[in-house]
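So this one's query38.cif, mmCIF, C-alpha atoms:
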data_target
#
loop_
_atom_site.label_atom_id
_atom_site.label_comp_id
_atom_site.auth_asym_id
_atom_site.auth_seq_id
_atom_site.Cartn_x
_atom_site.Cartn_y
_atom_site.Cartn_z
CA MET Z 21 5.16 -91.38 223.85
CA LEU Z 22 4.50 -88.11 225.70
CA ARG Z 23 7.61 -88.65 227.82
CA PHE Z 24 9.61 -89.24 224.63
CA LEU Z 25 8.32 -86.00 223.08
CA PHE Z 26 8.26 -83.59 226.01
CA SER Z 27 10.79 -84.69 228.63
CA PRO Z 28 14.40 -83.59 228.11
CA ASN Z 29 15.57 -86.17 230.68
CA GLY Z 30 17.14 -89.48 229.73
CA ARG Z 31 18.77 -90.72 226.55
CA VAL Z 32 17.67 -91.53 222.99
CA SER Z 33 19.55 -93.82 220.62
CA ARG Z 34 20.29 -92.85 217.02
CA ALA Z 35 17.72 -95.32 215.72
CA ASP Z 36 14.97 -93.94 217.96
CA TYR Z 37 15.93 -90.40 217.03
CA TRP Z 38 15.75 -91.15 213.31
CA LEU Z 39 12.68 -93.39 213.30
CA ARG Z 40 10.55 -91.77 216.00
CA TRP Z 41 11.41 -88.11 215.49
CA LEU Z 42 13.55 -87.05 212.55
CA ILE Z 43 11.77 -88.87 209.71
CA PRO Z 44 8.23 -88.06 210.94
CA SER Z 45 9.14 -84.42 211.61
CA ALA Z 46 10.66 -84.17 208.11
CA LEU Z 47 7.50 -85.58 206.52
CA ALA Z 48 5.08 -83.51 208.62
CA PRO Z 49 5.82 -80.16 206.89
CA ILE Z 50 5.03 -81.77 203.54
CA VAL Z 51 1.67 -82.98 204.84
CA VAL Z 52 0.97 -79.67 206.59
CA SER Z 53 1.81 -77.70 203.43
CA ALA Z 54 -0.44 -79.96 201.34
CA VAL Z 55 -3.31 -79.45 203.78
CA ASP Z 56 -2.65 -75.69 203.80
CA ALA Z 57 -2.74 -75.64 199.99
CA ALA Z 58 -5.90 -77.75 199.85
CA LEU Z 59 -7.69 -75.52 202.35
CA GLY Z 60 -6.33 -72.32 200.84
CA ALA Z 61 -5.08 -71.29 204.27
CA ARG Z 62 -1.63 -70.47 205.57
CA TYR Z 63 -2.07 -70.97 209.30
CA LEU Z 64 -1.18 -74.67 209.75
CA THR Z 65 2.53 -74.25 208.97
CA PRO Z 66 3.18 -71.71 211.77
CA VAL Z 67 1.12 -73.86 214.13
CA TRP Z 68 3.27 -76.89 213.24
CA VAL Z 69 6.45 -74.88 213.86
CA LEU Z 70 5.20 -73.82 217.30
CA VAL Z 71 3.95 -77.30 218.21
CA SER Z 72 7.17 -79.04 217.18
CA PHE Z 73 9.57 -76.50 218.74
CA TRP Z 74 9.73 -77.94 222.27
CA PRO Z 75 9.77 -81.64 221.25
CA ASN Z 76 12.66 -80.86 218.91
CA ILE Z 77 14.61 -79.24 221.77
CA ALA Z 78 13.76 -82.05 224.24
CA ILE Z 79 14.59 -84.95 221.93
CA THR Z 80 17.80 -83.35 220.67
CA ALA Z 81 18.85 -82.79 224.31
CA LYS Z 82 18.33 -86.51 224.92
CA ARG Z 83 20.49 -87.26 221.90
CA TYR Z 84 23.27 -85.10 223.38
CA HIS Z 85 22.77 -86.99 226.65
CA ASP Z 86 23.36 -90.24 224.76
CA ARG Z 87 26.72 -88.83 223.66
CA GLY Z 88 27.54 -87.93 227.29
CA MET Z 89 27.09 -84.20 226.70
CA SER Z 90 24.87 -81.75 228.54
CA GLY Z 91 21.45 -80.98 227.09
CA TRP Z 92 22.36 -77.30 227.13
CA TRP Z 93 24.33 -77.99 223.95
CA THR Z 94 20.97 -78.03 222.21
CA LEU Z 95 20.48 -74.34 222.95
CA TRP Z 96 24.07 -73.58 222.03
CA SER Z 97 23.58 -75.31 218.70
CA VAL Z 98 20.54 -73.13 218.01
CA LEU Z 99 22.40 -69.94 218.98
CA ILE Z 100 25.58 -70.82 217.09
CA THR Z 101 23.48 -71.46 213.99
CA LEU Z 102 21.45 -68.26 214.37
CA VAL Z 103 24.45 -65.93 214.78
CA PRO Z 104 25.93 -66.70 211.34
CA LEU Z 105 22.47 -66.48 209.80
CA PHE Z 106 22.12 -63.03 211.39
CA LEU Z 107 25.40 -62.07 209.71
CA VAL Z 108 23.97 -63.23 206.38
CA TYR Z 109 20.84 -61.16 206.99
CA SER Z 110 22.86 -58.06 207.93
CA GLY Z 111 25.11 -58.60 204.89
CA THR Z 112 22.05 -58.75 202.66
CA GLU Z 113 20.76 -55.52 204.18
CA ALA Z 114 24.15 -53.89 203.57
CA LEU Z 115 24.07 -55.05 199.94
CA ILE Z 116 20.73 -53.33 199.50
CA THR Z 117 22.03 -50.07 200.97
CA GLY Z 118 25.23 -50.10 198.90
CA ALA Z 119 28.08 -51.12 201.25
CA VAL Z 120 29.25 -53.86 198.90
CA VAL Z 121 32.63 -54.96 200.33
CA SER Z 122 31.53 -55.31 203.95
CA ALA Z 123 28.26 -56.87 202.81
CA TRP Z 124 29.94 -59.63 200.82
CA LEU Z 125 32.43 -60.26 203.61
CA SER Z 126 29.69 -60.43 206.23
CA THR Z 127 27.54 -62.67 204.04
CA TRP Z 128 30.34 -65.13 203.28
CA ILE Z 129 31.56 -65.27 206.88
CA GLY Z 130 27.98 -65.89 207.98
CA LEU Z 131 27.38 -68.61 205.40
CA TYR Z 132 30.71 -70.27 206.13
CA GLY Z 133 30.12 -70.16 209.90
CA ALA Z 134 26.55 -71.41 209.56
CA PHE Z 135 27.66 -74.29 207.36
CA TRP Z 136 30.34 -75.51 209.78
CA ALA Z 137 28.16 -75.02 212.85
CA ILE Z 138 25.30 -76.95 211.28
CA PHE Z 139 27.72 -79.62 210.03
CA ALA Z 140 29.29 -80.12 213.48
CA PHE Z 141 26.01 -80.35 215.36
CA THR Z 142 24.45 -82.55 212.68
CA LEU Z 143 27.39 -84.93 212.85
CA ILE Z 144 27.14 -85.18 216.64
CA VAL Z 145 23.38 -85.61 216.86
CA TYR Z 146 22.51 -87.59 213.73
CA PHE Z 147 25.46 -89.84 213.01
CA LEU Z 148 27.81 -90.45 215.96
CA PRO Z 149 26.87 -93.33 218.25
CA GLY Z 150 26.16 -92.78 221.91
CA GLU Z 151 28.14 -94.08 224.85
CA ARG Z 152 27.92 -97.85 225.18
CA CYS Z 153 27.32 -97.88 228.91
CA ALA Z 154 25.21 -96.05 231.45
CA ASN Z 155 26.22 -92.45 231.99
CA ARG Z 156 25.03 -89.67 234.28
CA PHE Z 157 21.90 -89.21 232.14
CA GLY Z 158 20.66 -92.79 232.33
CA PRO Z 159 21.15 -96.35 231.09
CA ASP Z 160 22.16 -97.22 227.55
CA PRO Z 161 18.98 -96.96 225.43
CA ARG Z 162 20.16 -99.70 223.05
CA LYS Z 163 20.37 -102.38 225.73
CA PRO Z 164 17.08 -104.08 226.49
CA LYS Z 165 15.82 -103.78 230.01
CA PRO Z 166 16.32 -106.96 232.03
CA PRO Z 167 13.17 -109.05 232.21
CA ARG Z 168 11.27 -109.12 235.44
CA LYS Z 169 11.91 -112.12 237.60
CA PRO Z 170 8.81 -114.29 237.30
CA LYS Z 171 6.93 -115.11 240.44
CA ILE Z 172 7.38 -118.73 241.44
CA ASP Z 173 4.17 -120.68 241.77
CA PRO Z 174 4.77 -123.55 244.21
CA ALA Z 175 2.11 -125.66 242.51
CA VAL Z 176 4.09 -125.55 239.27
CA GLU Z 177 7.57 -125.60 240.76
CA PHE Z 178 6.98 -128.36 243.34
CA PRO Z 179 3.88 -130.34 242.35
CA GLY Z 180 2.81 -133.12 244.66
CA PRO Z 181 -0.17 -134.54 246.48
CA TRP Z 182 -0.12 -131.54 248.85
CA THR Z 183 -0.99 -129.11 246.00
CA GLN Z 184 -4.08 -128.75 243.92
CA LEU Z 185 -2.98 -129.74 240.40
CA THR Z 186 -6.29 -129.17 238.66
CA ARG Z 187 -6.11 -125.38 238.83
CA THR Z 188 -7.01 -123.64 235.61
CA GLY Z 189 -4.13 -123.07 233.26
CA LEU Z 190 -1.92 -125.85 234.67
CA PRO Z 191 -1.44 -129.09 232.80
CA GLU Z 192 -2.24 -132.40 234.45
CA PRO Z 193 0.89 -134.26 235.54
CA ASP Z 194 2.03 -137.09 233.27
CA THR Z 195 4.23 -138.81 235.83
CA PRO Z 196 3.26 -140.79 238.90
CA ALA Z 197 3.34 -139.00 242.24
CA HIS Z 198 6.48 -140.78 243.48
CA THR Z 199 8.66 -139.41 240.60
CA ARG Z 200 7.71 -135.77 241.00
CA ARG Z 201 10.14 -133.39 242.66
CA ARG Z 202 9.52 -132.67 246.27
CA PRO Z 203 10.13 -129.30 247.93
CA PRO Z 204 13.36 -129.00 249.91
CA ARG Z 205 13.12 -129.91 253.57
CA SER Z 206 13.72 -127.26 256.15
CA ARG Z 207 16.59 -128.02 258.50
#

Would you put the structure from the file into structure tokens?
Amino acid sequence: MLRFLFSPNGRVSRADYWLRWLIPSALAPIVVSAVDAALGARYLTPVWVLVSFWPNIAITAKRYHDRGMSGWWTLWSVLITLVPLFLVYSGTEALITGAVVSAWLSTWIGLYGAFWAIFAFTLIVYFLPGERCANRFGPDPRKPKPPRKPKIDPAVEFPGPWTQLTRTGLPEPDTPAHTRRRPPRSR
């Protein structure tokens, strides 16, 4: 679980992203706010924001990896979202000081840019499937790992009078000794 939360290496499928990160991190602020309100304090919400910042970056980078994109797109998505929001903030400041035309223009450009930036990155990360094969970031997270090859126990594989059949965990043979399989002869 710690590797899932803190390592930006590897890939994460859409299902893992939704079930193991997005839904819990969407519910956590509700719980944190309720606890803050119950305690009459306001310090848990900033703590949650700081604690969840790096896991959000790391897991989103893995989601980009699943799409075959570099994890640096995570930082670009943050910056491209913050720039339009800065324009909205500066437009609001200009509205307060009285520069109405440039303020409305700046605000609308910022809102429009923020909407499309957030829409594009949300579409990529939340909804588009990853590559169906291994890529440079790792194997496909949707495919189960191949099972380990079981170790062959000669007493089970080739039972006979030369093996001890009464070992714990092994059933007693039902067939006579002459019908059991014999090990291959060396040539």

Problem set entry | Hits from the PyMOL selection byres ((chain Z and resi 141) around 12), listed as a PyMOL selection string | chain Z and resi 80-81+83-84+87+93-101+134-140+142-148

Problem set entry | 9 Å contact set for Ser45 in chain Z, all atoms listed in the file, chain neighbours under 5 positions out, as a PyMOL selection string | chain Z and resi 40+72+76

For this session: I need the residue set behind the PyMOL selection byres ((chain Z and resi 34) around 10) for this file; please write it as a list in words.
Result: Arg31, Val32, Ser33, Ala35, Asp36, Tyr37, Trp38, Leu39, Arg40, Leu42, Arg83, Asp86, Val145, Tyr146, Phe147, Leu148, Pro149, Gly150, Pro161 and Arg162 of chain Z

Problem set entry | Test item: residues at most 7 Å from range 63-67 of chain Z, all atoms listed in the file, excluding those fewer than 6 positions along its chain, as a VMD selection string | chain Z and resid 52 to 53 56

For this session: Name the residues in contact with Ile129 in chain Z at a cut-off of 8 Å, using all atoms listed in the file, excluding same-chain residues fewer than 3 positions from it; report them as a PyMOL selection string.
Result: chain Z and resi 104+107-108+125-126+132-133

Those same residues - C-alpha atoms - I'd like them written as a short mmCIF file (atom, residue, chain, number, x, y, z; two decimals), keeping the file's coordinate frame.
data_model
loop_
_atom_site.label_atom_id
_atom_site.label_comp_id
_atom_site.auth_asym_id
_atom_site.auth_seq_id
_atom_site.Cartn_x
_atom_site.Cartn_y
_atom_site.Cartn_z
CA PRO Z 104 25.93 -66.70 211.34
CA LEU Z 107 25.40 -62.07 209.71
CA VAL Z 108 23.97 -63.23 206.38
CA LEU Z 125 32.43 -60.26 203.61
CA SER Z 126 29.69 -60.43 206.23
CA TYR Z 132 30.71 -70.27 206.13
CA GLY Z 133 30.12 -70.16 209.90
#

Problem set entry | Cut-off 12 Å around (6.1, -82.7, 227.0) with all atoms listed in the file: residues as JSON, numbers by chain | {"Z": [21, 22, 23, 24, 25, 26, 27, 28, 29, 71, 72, 73, 74, 75, 76, 77, 78, 79]}
